[in-house]
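Undergrad: Input query.csv, format and content: CSV, C-alpha atoms and all ligand atoms.
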```
chain,number,residue,atom,x,y,z
H,1,MET,CA,17.7,-3.8,7.8
H,2,ILE,CA,14.0,-3.3,7.1
H,3,ILE,CA,12.4,-0.3,9.0
H,4,TYR,CA,8.8,-1.3,9.7
H,5,LYS,CA,6.4,1.7,10.1
H,6,SER,CA,3.7,2.4,12.7
H,7,ALA,CA,0.1,3.3,11.7
H,8,GLU,CA,0.9,6.9,12.3
H,9,GLU,CA,4.0,6.8,10.1
H,10,ILE,CA,2.1,5.1,7.3
H,11,GLU,CA,-0.4,7.9,7.4
H,12,LEU,CA,2.4,10.5,7.0
H,13,MET,CA,3.7,8.4,4.1
H,14,ARG,CA,0.3,8.4,2.5
H,15,GLN,CA,0.4,12.2,2.6
H,16,ALA,CA,3.8,12.3,0.8
H,17,ALA,CA,2.6,9.7,-1.7
H,18,LEU,CA,-0.6,11.5,-2.4
H,19,LEU,CA,1.3,14.7,-3.1
H,20,VAL,CA,3.2,12.9,-5.8
H,21,SER,CA,-0.2,11.5,-7.1
H,22,ARG,CA,-1.6,15.1,-7.3
H,23,THR,CA,1.6,16.4,-8.9
H,24,LEU,CA,1.3,13.7,-11.6
H,25,GLY,CA,-2.3,14.7,-12.0
H,26,GLU,CA,-1.2,18.2,-12.8
H,27,ILE,CA,1.3,16.8,-15.3
H,28,ALA,CA,-1.5,14.7,-16.9
H,29,LYS,CA,-3.4,17.9,-17.6
H,30,VAL,CA,-0.7,19.5,-19.7
H,31,ILE,CA,1.5,16.7,-21.2
H,32,LYS,CA,1.1,16.4,-24.9
H,33,PRO,CA,3.2,16.5,-28.1
H,34,GLY,CA,5.1,19.8,-28.2
H,35,VAL,CA,5.6,20.0,-24.5
H,36,THR,CA,9.1,19.6,-23.1
H,37,GLY,CA,10.4,17.7,-20.1
H,38,LEU,CA,11.8,20.9,-18.6
H,39,GLN,CA,8.3,22.5,-18.7
H,40,LEU,CA,6.9,19.6,-16.7
H,41,ASP,CA,9.8,19.7,-14.3
H,42,LYS,CA,9.2,23.4,-13.5
H,43,LEU,CA,5.5,22.8,-13.0
H,44,ALA,CA,6.2,19.8,-10.7
H,45,GLU,CA,8.8,21.7,-8.6
H,46,GLU,CA,6.5,24.7,-8.1
H,47,TYR,CA,3.5,22.5,-7.2
H,48,ILE,CA,5.4,20.4,-4.7
H,49,ARG,CA,6.9,23.5,-3.0
H,50,ASP,CA,3.5,25.3,-3.0
H,51,HIS,CA,2.2,22.3,-1.0
H,52,GLY,CA,4.8,22.6,1.7
H,53,ALA,CA,7.0,19.8,0.6
H,54,LYS,CA,10.4,19.4,-1.1
H,55,PRO,CA,11.1,17.6,-4.4
H,56,GLY,CA,12.4,14.2,-3.4
H,57,PHE,CA,14.8,13.6,-6.3
H,58,LEU,CA,16.4,17.1,-6.6
H,59,GLY,CA,19.9,16.8,-5.3
H,60,LEU,CA,19.4,13.1,-4.3
H,61,TYR,CA,22.7,11.5,-5.3
H,62,ASP,CA,23.2,14.8,-7.1
H,63,PHE,CA,20.3,14.3,-9.5
H,64,PRO,CA,19.7,17.7,-11.1
H,65,ASN,CA,15.9,17.9,-11.4
H,66,THR,CA,12.6,17.3,-9.7
H,67,LEU,CA,11.3,14.7,-12.2
H,68,CYS,CA,12.9,11.8,-14.0
H,69,ILE,CA,11.5,11.9,-17.5
H,70,SER,CA,12.2,8.9,-19.7
H,71,PRO,CA,10.6,8.8,-23.2
H,72,ASN,CA,10.3,5.8,-25.4
H,73,ALA,CA,13.5,3.6,-25.2
H,74,GLN,CA,14.6,5.3,-22.0
H,75,VAL,CA,13.8,3.1,-19.1
H,76,VAL,CA,14.2,5.4,-16.1
H,77,HIS,CA,16.4,8.2,-14.7
H,78,GLY,CA,16.0,10.4,-17.8
H,79,ILE,CA,17.0,14.0,-17.2
H,80,PRO,CA,14.3,16.5,-18.3
H,81,SER,CA,15.3,18.3,-21.5
H,82,ASN,CA,14.3,21.1,-23.9
H,83,LYS,CA,13.3,18.6,-26.6
H,84,PRO,CA,9.6,18.7,-27.3
H,85,PHE,CA,7.7,15.4,-27.1
H,86,ASP,CA,6.4,13.9,-30.4
H,87,ASP,CA,3.1,12.4,-31.4
H,88,GLY,CA,3.2,8.7,-30.5
H,89,ASP,CA,5.8,9.0,-27.7
H,90,ILE,CA,5.4,7.2,-24.5
H,91,VAL,CA,6.9,9.1,-21.5
H,92,SER,CA,7.6,7.8,-18.1
H,93,VAL,CA,7.4,10.5,-15.4
H,94,ASP,CA,8.8,9.6,-12.0
H,95,CYS,CA,8.3,12.0,-9.1
H,96,GLY,CA,9.4,12.1,-5.5
H,97,THR,CA,8.4,14.3,-2.6
H,98,LEU,CA,9.7,14.8,1.0
H,99,LEU,CA,6.8,15.8,3.3
H,100,ASN,CA,6.8,15.7,7.1
H,101,GLY,CA,10.0,13.7,7.0
H,102,PHE,CA,8.8,10.9,4.7
H,103,TYR,CA,9.3,10.3,1.0
H,104,GLY,CA,6.7,9.6,-1.6
H,105,ASP,CA,7.9,8.1,-4.9
H,106,HIS,CA,5.7,7.1,-7.8
H,107,ALA,CA,5.6,7.0,-11.5
H,108,TYR,CA,3.3,6.7,-14.6
H,109,THR,CA,4.0,6.2,-18.2
H,110,PHE,CA,1.9,8.5,-20.4
H,111,ALA,CA,0.9,7.8,-24.0
H,112,LEU,CA,1.0,10.9,-26.2
H,113,GLY,CA,-1.3,11.2,-29.2
H,114,ASN,CA,-1.4,8.3,-31.6
H,115,VAL,CA,0.6,5.5,-29.9
H,116,LYS,CA,1.0,2.3,-31.9
H,117,PRO,CA,-1.2,-0.5,-30.6
H,118,GLU,CA,1.8,-2.7,-29.7
H,119,VAL,CA,3.3,0.1,-27.6
H,120,GLN,CA,-0.1,0.7,-25.9
H,121,LYS,CA,-0.1,-3.0,-25.1
H,122,LEU,CA,3.3,-2.7,-23.4
H,123,LEU,CA,1.9,0.1,-21.2
H,124,ASP,CA,-1.2,-1.9,-20.4
H,125,VAL,CA,0.8,-5.1,-19.5
H,126,THR,CA,3.3,-3.1,-17.4
H,127,LYS,CA,0.5,-1.5,-15.4
H,128,GLU,CA,-1.0,-5.0,-14.9
H,129,CYS,CA,2.4,-6.2,-13.7
H,130,LEU,CA,2.4,-3.5,-11.1
H,131,TYR,CA,-1.0,-4.5,-9.7
H,132,ILE,CA,-0.2,-8.2,-9.9
H,133,GLY,CA,3.0,-7.5,-7.8
H,134,ILE,CA,1.0,-5.5,-5.3
H,135,ALA,CA,-1.5,-8.3,-4.8
H,136,GLU,CA,1.5,-10.6,-3.7
H,137,THR,CA,2.6,-8.0,-1.1
H,138,LYS,CA,0.9,-9.7,1.9
H,139,VAL,CA,1.7,-11.5,5.1
H,140,GLY,CA,2.4,-15.2,4.3
H,141,ASN,CA,4.5,-14.3,1.2
H,142,ARG,CA,8.1,-13.4,0.8
H,143,ILE,CA,9.6,-10.4,-1.0
H,144,SER,CA,10.6,-12.5,-4.1
H,145,ASP,CA,7.0,-13.5,-4.6
H,146,ILE,CA,6.3,-10.0,-5.8
H,147,GLY,CA,9.0,-10.1,-8.5
H,148,TRP,CA,8.1,-13.7,-9.4
H,149,ALA,CA,4.5,-12.7,-10.2
H,150,ILE,CA,5.6,-9.6,-12.2
H,151,GLN,CA,8.2,-11.6,-14.2
H,152,GLN,CA,5.6,-14.3,-15.1
H,153,HIS,CA,3.1,-11.8,-16.5
H,154,ALA,CA,5.7,-9.8,-18.4
H,155,GLU,CA,7.4,-12.8,-20.0
H,156,LYS,CA,4.1,-14.5,-20.8
H,157,ASN,CA,3.6,-11.4,-23.0
H,158,GLY,CA,7.1,-11.7,-24.6
H,159,TYR,CA,8.6,-8.8,-22.8
H,160,GLY,CA,12.0,-8.3,-21.1
H,161,VAL,CA,12.2,-7.6,-17.3
H,162,VAL,CA,15.0,-5.2,-16.4
H,163,ARG,CA,17.3,-6.8,-13.9
H,164,GLU,CA,19.7,-4.0,-12.8
H,165,LEU,CA,17.0,-1.7,-11.4
H,166,VAL,CA,14.6,-2.7,-8.7
H,167,GLY,CA,11.9,-1.4,-6.4
H,168,HIS,CA,12.8,-0.6,-2.8
H,169,GLY,CA,11.8,0.1,0.8
H,170,LEU,CA,10.6,3.6,1.3
H,171,GLY,CA,10.3,5.9,4.4
H,172,LYS,CA,12.5,8.5,5.9
H,173,SER,CA,15.0,7.6,3.2
H,174,MET,CA,14.1,7.3,-0.5
H,175,HIS,CA,15.8,4.0,-0.7
H,176,GLU,CA,15.6,1.6,2.2
H,177,ASP,CA,15.8,-2.1,2.6
H,178,PRO,CA,14.5,-4.4,1.1
H,179,GLN,CA,15.3,-4.3,-2.6
H,180,VAL,CA,12.2,-5.4,-4.5
H,181,PRO,CA,13.3,-6.9,-7.8
H,182,ASN,CA,10.8,-7.3,-10.7
H,183,TYR,CA,11.9,-10.9,-11.2
H,184,GLY,CA,12.8,-13.9,-9.1
H,185,LYS,CA,11.8,-17.3,-7.7
H,186,ARG,CA,8.8,-17.9,-5.5
H,187,GLY,CA,9.4,-18.1,-1.8
H,188,TRP,CA,12.8,-16.4,-1.4
H,189,GLY,CA,13.9,-13.4,0.6
H,190,LYS,CA,12.5,-11.8,3.8
H,191,LYS,CA,9.0,-12.7,5.0
H,192,ILE,CA,6.5,-9.9,4.4
H,193,GLN,CA,5.3,-8.3,7.7
H,194,ASN,CA,2.9,-5.7,8.7
H,195,GLY,CA,4.4,-2.2,8.6
H,196,LEU,CA,6.5,-3.0,5.5
H,197,THR,CA,6.5,0.1,3.2
H,198,ILE,CA,7.9,-0.4,-0.3
H,199,ALA,CA,7.9,1.2,-3.8
H,200,ILE,CA,7.0,-1.4,-6.4
H,201,GLU,CA,8.0,-0.4,-9.9
H,202,PRO,CA,8.1,-2.8,-12.8
H,203,MET,CA,10.4,-1.6,-15.6
H,204,ILE,CA,9.3,-3.7,-18.6
H,205,ASN,CA,10.9,-3.6,-22.1
H,206,MET,CA,9.2,-4.5,-25.3
H,207,GLY,CA,12.3,-6.4,-26.4
H,208,THR,CA,15.5,-7.4,-24.6
H,209,GLU,CA,15.8,-7.1,-20.8
H,210,LYS,CA,19.3,-5.6,-21.4
H,211,ILE,CA,20.0,-2.0,-20.8
H,212,ARG,CA,22.7,0.6,-21.3
H,213,GLN,CA,23.5,4.0,-19.7
H,214,LEU,CA,24.0,7.3,-21.4
H,215,LYS,CA,27.2,9.3,-20.8
H,216,ASP,CA,25.2,11.7,-18.6
H,217,GLY,CA,25.6,9.1,-15.9
H,218,TRP,CA,21.9,8.9,-15.3
H,219,THR,CA,19.7,8.0,-18.3
H,220,ILE,CA,19.0,4.2,-18.6
H,221,LEU,CA,18.0,3.0,-22.1
H,222,THR,CA,17.0,-0.4,-23.6
H,223,ALA,CA,20.0,-2.0,-25.3
H,224,ASP,CA,18.0,-2.7,-28.5
H,225,GLY,CA,16.3,0.8,-28.7
H,226,LEU,CA,12.8,-0.7,-28.3
H,227,PRO,CA,10.3,1.1,-25.9
H,228,SER,CA,10.2,0.5,-22.2
H,229,ALA,CA,7.4,1.2,-19.7
H,230,HIS,CA,7.5,2.0,-16.0
H,231,PHE,CA,4.7,2.3,-13.4
H,232,GLU,CA,5.2,2.7,-9.7
H,233,HIS,CA,3.1,2.8,-6.5
H,234,ASP,CA,3.9,3.1,-2.8
H,235,VAL,CA,2.5,0.2,-0.8
H,236,ALA,CA,2.2,-0.5,2.9
H,237,VAL,CA,1.3,-3.8,4.5
H,238,VAL,CA,-1.5,-3.3,7.0
H,239,ASP,CA,-3.5,-6.1,8.7
H,240,GLY,CA,-1.6,-8.6,6.5
H,241,LYS,CA,-2.7,-7.0,3.3
H,242,PRO,CA,-1.4,-4.5,0.8
H,243,VAL,CA,-2.6,-0.9,1.0
H,244,ILE,CA,-1.7,1.4,-2.0
H,245,LEU,CA,-0.7,4.8,-0.5
H,246,SER,CA,-0.4,6.5,-3.9
H,247,THR,CA,-3.1,6.6,-6.6
H,248,PHE,CA,-3.4,7.0,-10.4
H,249,ASP,CA,-6.9,8.5,-9.9
H,250,TYR,CA,-5.8,12.2,-10.4
H,251,ILE,CA,-4.0,11.2,-13.6
H,252,GLU,CA,-6.8,9.2,-15.0
H,253,GLU,CA,-9.4,11.8,-14.2
H,254,ALA,CA,-7.3,14.4,-16.0
H,255,LEU,CA,-6.7,12.2,-19.0
H,256,ALA,CA,-10.4,11.4,-19.3
H,257,VAL,CA,-11.4,15.0,-19.7
H,258,LYS,CA,-8.7,15.9,-22.2
D,1,MG,MG,10.2,6.4,-8.6
D,2,MG,MG,11.3,4.1,-6.7
```
Rewrite the structure of this file - the entire thing - as structure tokens.
Ligand code: MG
Ligand code: MG

TA:
Amino acid sequence: MIIYKSAEEIELMRQAALLVSRTLGEIAKVIKPGVTGLQLDKLAEEYIRDHGAKPGFLGLYDFPNTLCISPNAQVVHGIPSNKPFDDGDIVSVDCGTLLNGFYGDHAYTFALGNVKPEVQKLLDVTKECLYIGIAETKVGNRISDIGWAIQQHAEKNGYGVVRELVGHGLGKSMHEDPQVPNYGKRGWGKKIQNGLTIAIEPMINMGTEKIRQLKDGWTILTADGLPSAHFEHDVAVVDGKPVILSTFDYIEEALAVK
């Protein structure tokens, strides 16, 4: 059952989403080759708690950390480790918060140092996929129109769209109805209505769409070992149109001055 949100609830969700945005902005200031995922995880947990919120992922389904950190061939749900990042890595950082009873959940894939042009293109196209999907999130459309648009753009560029993991409704729970796949046909699923709040999160692979899971029970990797990218925003439907509650502005400001 989809839980539609009031204007007041959407404002509270914006606060939770923006705290994730600011946390990712802090990460953007320090992430570089030589830094470890565990260092970022500690920074994020402290920043979120200092701002009166709780980490949204820590303990959720028994996940052990504040951040999901998924470098290179890892798609999502990577567990932060002690292994320093290398020059040329791409690193998906996914972060959740719980603030005033609502969850924020959004993600960015960082390019570290000298990333190969074909890998940078994967990042660019995946971010484009996110905004193309958001543009479809409007009254008059159905849920599958979002995934249809994302899939078209990814496959036009020769990439694989992960099937097993999807975007989702967001609110007082991290994962609510509806599921928001990154693939599909036009015109299927529930009609999009005002008050819908969802996390849209294309997970796009340079090669095959197929994935596998590590024995840690969490980490998802591409089956062929090629890189994967992941960008996520929290979106509400207001007056028939999509409103992005999260922002990449803090990240992009920090990266610009680096
Ligand atoms: Mg996420
Ligand atoms: Mg999510």

Undergrad: Just want the residues within 10 Å of ligand MG 2 (chain D), written as a PyMOL selection string, counting only C-alpha atoms and all ligand atoms.

TA: chain H and resi 76+94-96+104-107+165-170+174-175+180+198-202+231-234

Undergrad: Which residues are close to H:Ala111, i.e. within 10 Å by all atoms listed in the file, leaving aside same-chain residues fewer than 5 positions away? Reply as a PyMOL selection string.

TA: chain H and resi 31-33+71-72+87-92+116+119-120+123

Undergrad: For ligand MG 1 (chain D), which residue among H:Val30, H:Asp50, H:Met203, H:Val257 is the nearest when counting only C-alpha atoms and all ligand atoms?

TA: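 When distances to ligand MG 1 (chain D) are compared using only C-alpha atoms and all ligand atoms, the smallest one comes from H:Met203.
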
Undergrad: Dump as a PyMOL selection string all residues having an atom at most 12 Å from (-2.4, -1.8, 4.2), computed in the file's coordinates with all atoms listed in the file.

TA: chain H and resi 5-7+10-11+13-14+134-135+137-139+193-198+234-246

Undergrad: If you keep C-alpha atoms, can you produce a file of those selected residues as a tab-separated table (two decimals), in the frame of the given file?

TA:
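Okay, this is what ended up in selection18.tsv:
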```tsv
chain	number	residue	atom	x	y	z
H	5	LYS	CA	6.40	1.70	10.10
H	6	SER	CA	3.70	2.40	12.70
H	7	ALA	CA	0.10	3.30	11.70
H	10	ILE	CA	2.10	5.10	7.30
H	11	GLU	CA	-0.40	7.90	7.40
H	13	MET	CA	3.70	8.40	4.10
H	14	ARG	CA	0.30	8.40	2.50
H	134	ILE	CA	1.00	-5.50	-5.30
H	135	ALA	CA	-1.50	-8.30	-4.80
H	137	THR	CA	2.60	-8.00	-1.10
H	138	LYS	CA	0.90	-9.70	1.90
H	139	VAL	CA	1.70	-11.50	5.10
H	193	GLN	CA	5.30	-8.30	7.70
H	194	ASN	CA	2.90	-5.70	8.70
H	195	GLY	CA	4.40	-2.20	8.60
H	196	LEU	CA	6.50	-3.00	5.50
H	197	THR	CA	6.50	0.10	3.20
H	198	ILE	CA	7.90	-0.40	-0.30
H	234	ASP	CA	3.90	3.10	-2.80
H	235	VAL	CA	2.50	0.20	-0.80
H	236	ALA	CA	2.20	-0.50	2.90
H	237	VAL	CA	1.30	-3.80	4.50
H	238	VAL	CA	-1.50	-3.30	7.00
H	239	ASP	CA	-3.50	-6.10	8.70
H	240	GLY	CA	-1.60	-8.60	6.50
H	241	LYS	CA	-2.70	-7.00	3.30
H	242	PRO	CA	-1.40	-4.50	0.80
H	243	VAL	CA	-2.60	-0.90	1.00
H	244	ILE	CA	-1.70	1.40	-2.00
H	245	LEU	CA	-0.70	4.80	-0.50
H	246	SER	CA	-0.40	6.50	-3.90
```

Undergrad: Report, in Å with one decimal, the straight-line distance from atom CA of H:Glu164 to atom CA of H:Asp41.

TA: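 According to the coordinates, atom CA of H:Glu164 and atom CA of H:Asp41 are separated by 25.7 Å.
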
Undergrad: Name the closest residue to H:Thr36 among the candidates H:Ile79, H:Met206, H:Ala16, H:Leu24; distances are taken between atoms, counting all atoms listed in the file.

TA: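 The shortest atom-to-atom distance to H:Thr36 comes from H:Ile79.
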
Undergrad: Between H:His230, H:Ile150, H:Leu99, H:Ile2, which residue has the minimum interatomic distance to ligand MG 1 (chain D), considering only C-alpha atoms and all ligand atoms?

TA: H:His230

Undergrad: Provide the atom CA of H:Lys210 to atom CA of H:Phe63 distance in Å, to one decimal place.

TA: 23.2 Å

Undergrad: Using the incomplete input, complete stretch 49-83 of chain H to the level of N, CA and C atoms; output as an mmCIF file, keeping the file's coordinate frame.

TA:
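The resulting result39.cif:
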```
data_model
loop_
_atom_site.group_PDB
_atom_site.id
_atom_site.type_symbol
_atom_site.label_atom_id
_atom_site.label_comp_id
_atom_site.auth_asym_id
_atom_site.auth_seq_id
_atom_site.Cartn_x
_atom_site.Cartn_y
_atom_site.Cartn_z
ATOM 1 N N ARG H 49 6.501 22.495 -3.964
ATOM 2 C CA ARG H 49 6.900 23.500 -3.000
ATOM 3 C C ARG H 49 5.666 24.297 -2.481
ATOM 4 N N ASP H 50 4.716 24.586 -3.389
ATOM 5 C CA ASP H 50 3.500 25.300 -3.000
ATOM 6 C C ASP H 50 2.679 24.480 -1.976
ATOM 7 N N HIS H 51 2.897 23.177 -1.936
ATOM 8 C CA HIS H 51 2.200 22.300 -1.000
ATOM 9 C C HIS H 51 3.013 21.936 0.221
ATOM 10 N N GLY H 52 4.025 22.762 0.487
ATOM 11 C CA GLY H 52 4.800 22.600 1.700
ATOM 12 C C GLY H 52 5.737 21.466 1.791
ATOM 13 N N ALA H 53 6.092 20.942 0.629
ATOM 14 C CA ALA H 53 7.000 19.800 0.600
ATOM 15 C C ALA H 53 8.259 20.176 -0.238
ATOM 16 N N LYS H 54 9.206 19.262 -0.260
ATOM 17 C CA LYS H 54 10.400 19.400 -1.100
ATOM 18 C C LYS H 54 10.387 18.348 -2.175
ATOM 19 N N PRO H 55 10.928 18.672 -3.364
ATOM 20 C CA PRO H 55 11.100 17.600 -4.400
ATOM 21 C C PRO H 55 12.024 16.525 -3.786
ATOM 22 N N GLY H 56 11.631 15.280 -3.951
ATOM 23 C CA GLY H 56 12.400 14.200 -3.400
ATOM 24 C C GLY H 56 13.627 13.779 -4.131
ATOM 25 N N PHE H 57 13.634 14.064 -5.439
ATOM 26 C CA PHE H 57 14.800 13.600 -6.300
ATOM 27 C C PHE H 57 15.846 14.692 -6.401
ATOM 28 N N LEU H 58 15.427 15.965 -6.388
ATOM 29 C CA LEU H 58 16.400 17.100 -6.600
ATOM 30 C C LEU H 58 17.506 17.042 -5.641
ATOM 31 N N GLY H 59 18.715 16.842 -6.159
ATOM 32 C CA GLY H 59 19.900 16.800 -5.300
ATOM 33 C C GLY H 59 20.178 15.432 -4.690
ATOM 34 N N LEU H 60 19.208 14.496 -4.800
ATOM 35 C CA LEU H 60 19.400 13.100 -4.300
ATOM 36 C C LEU H 60 20.463 12.441 -5.133
ATOM 37 N N TYR H 61 21.548 12.009 -4.541
ATOM 38 C CA TYR H 61 22.700 11.500 -5.300
ATOM 39 C C TYR H 61 23.145 12.459 -6.389
ATOM 40 N N ASP H 62 22.904 13.761 -6.146
ATOM 41 C CA ASP H 62 23.200 14.800 -7.100
ATOM 42 C C ASP H 62 22.361 14.816 -8.371
ATOM 43 N N PHE H 63 21.177 14.183 -8.327
ATOM 44 C CA PHE H 63 20.300 14.300 -9.500
ATOM 45 C C PHE H 63 19.870 15.745 -9.667
ATOM 46 N N PRO H 64 19.887 16.254 -10.941
ATOM 47 C CA PRO H 64 19.700 17.700 -11.100
ATOM 48 C C PRO H 64 18.301 18.232 -11.182
ATOM 49 N N ASN H 65 17.273 17.394 -11.156
ATOM 50 C CA ASN H 65 15.900 17.900 -11.400
ATOM 51 C C ASN H 65 14.904 17.286 -10.408
ATOM 52 N N THR H 66 13.653 17.777 -10.538
ATOM 53 C CA THR H 66 12.600 17.300 -9.700
ATOM 54 C C THR H 66 11.971 15.996 -10.253
ATOM 55 N N LEU H 67 11.910 15.892 -11.571
ATOM 56 C CA LEU H 67 11.300 14.700 -12.200
ATOM 57 C C LEU H 67 12.388 13.908 -12.950
ATOM 58 N N CYS H 68 12.203 12.608 -13.007
ATOM 59 C CA CYS H 68 12.900 11.800 -14.000
ATOM 60 C C CYS H 68 11.910 11.600 -15.143
ATOM 61 N N ILE H 69 12.334 11.985 -16.344
ATOM 62 C CA ILE H 69 11.500 11.900 -17.500
ATOM 63 C C ILE H 69 12.144 11.058 -18.570
ATOM 64 N N SER H 70 11.518 9.931 -18.877
ATOM 65 C CA SER H 70 12.200 8.900 -19.700
ATOM 66 C C SER H 70 11.293 8.488 -20.843
ATOM 67 N N PRO H 71 11.466 9.144 -22.016
ATOM 68 C CA PRO H 71 10.600 8.800 -23.200
ATOM 69 C C PRO H 71 11.088 7.534 -23.893
ATOM 70 N N ASN H 72 10.115 6.810 -24.447
ATOM 71 C CA ASN H 72 10.300 5.800 -25.400
ATOM 72 C C ASN H 72 11.349 4.703 -24.974
ATOM 73 N N ALA H 73 12.543 4.684 -25.586
ATOM 74 C CA ALA H 73 13.500 3.600 -25.200
ATOM 75 C C ALA H 73 14.236 3.921 -23.915
ATOM 76 N N GLN H 74 14.009 5.100 -23.326
ATOM 77 C CA GLN H 74 14.600 5.300 -22.000
ATOM 78 C C GLN H 74 13.753 4.588 -20.970
ATOM 79 N N VAL H 75 14.448 3.898 -20.084
ATOM 80 C CA VAL H 75 13.800 3.100 -19.100
ATOM 81 C C VAL H 75 13.395 3.914 -17.878
ATOM 82 N N VAL H 76 14.389 4.484 -17.240
ATOM 83 C CA VAL H 76 14.200 5.400 -16.100
ATOM 84 C C VAL H 76 15.380 6.322 -15.978
ATOM 85 N N HIS H 77 15.267 7.265 -15.042
ATOM 86 C CA HIS H 77 16.400 8.200 -14.700
ATOM 87 C C HIS H 77 16.722 9.166 -15.779
ATOM 88 N N GLY H 78 15.789 9.371 -16.740
ATOM 89 C CA GLY H 78 16.000 10.400 -17.800
ATOM 90 C C GLY H 78 16.018 11.777 -17.196
ATOM 91 N N ILE H 79 16.900 12.628 -17.699
ATOM 92 C CA ILE H 79 17.000 14.000 -17.200
ATOM 93 C C ILE H 79 16.075 14.876 -18.115
ATOM 94 N N PRO H 80 15.184 15.684 -17.521
ATOM 95 C CA PRO H 80 14.300 16.500 -18.300
ATOM 96 C C PRO H 80 15.078 17.419 -19.278
ATOM 97 N N SER H 81 14.578 17.547 -20.522
ATOM 98 C CA SER H 81 15.300 18.300 -21.500
ATOM 99 C C SER H 81 14.381 19.314 -22.213
ATOM 100 N N ASN H 82 14.978 20.078 -23.127
ATOM 101 C CA ASN H 82 14.300 21.100 -23.900
ATOM 102 C C ASN H 82 13.635 20.482 -25.183
ATOM 103 N N LYS H 83 13.819 19.194 -25.406
ATOM 104 C CA LYS H 83 13.300 18.600 -26.600
ATOM 105 C C LYS H 83 11.824 18.309 -26.516
#
```
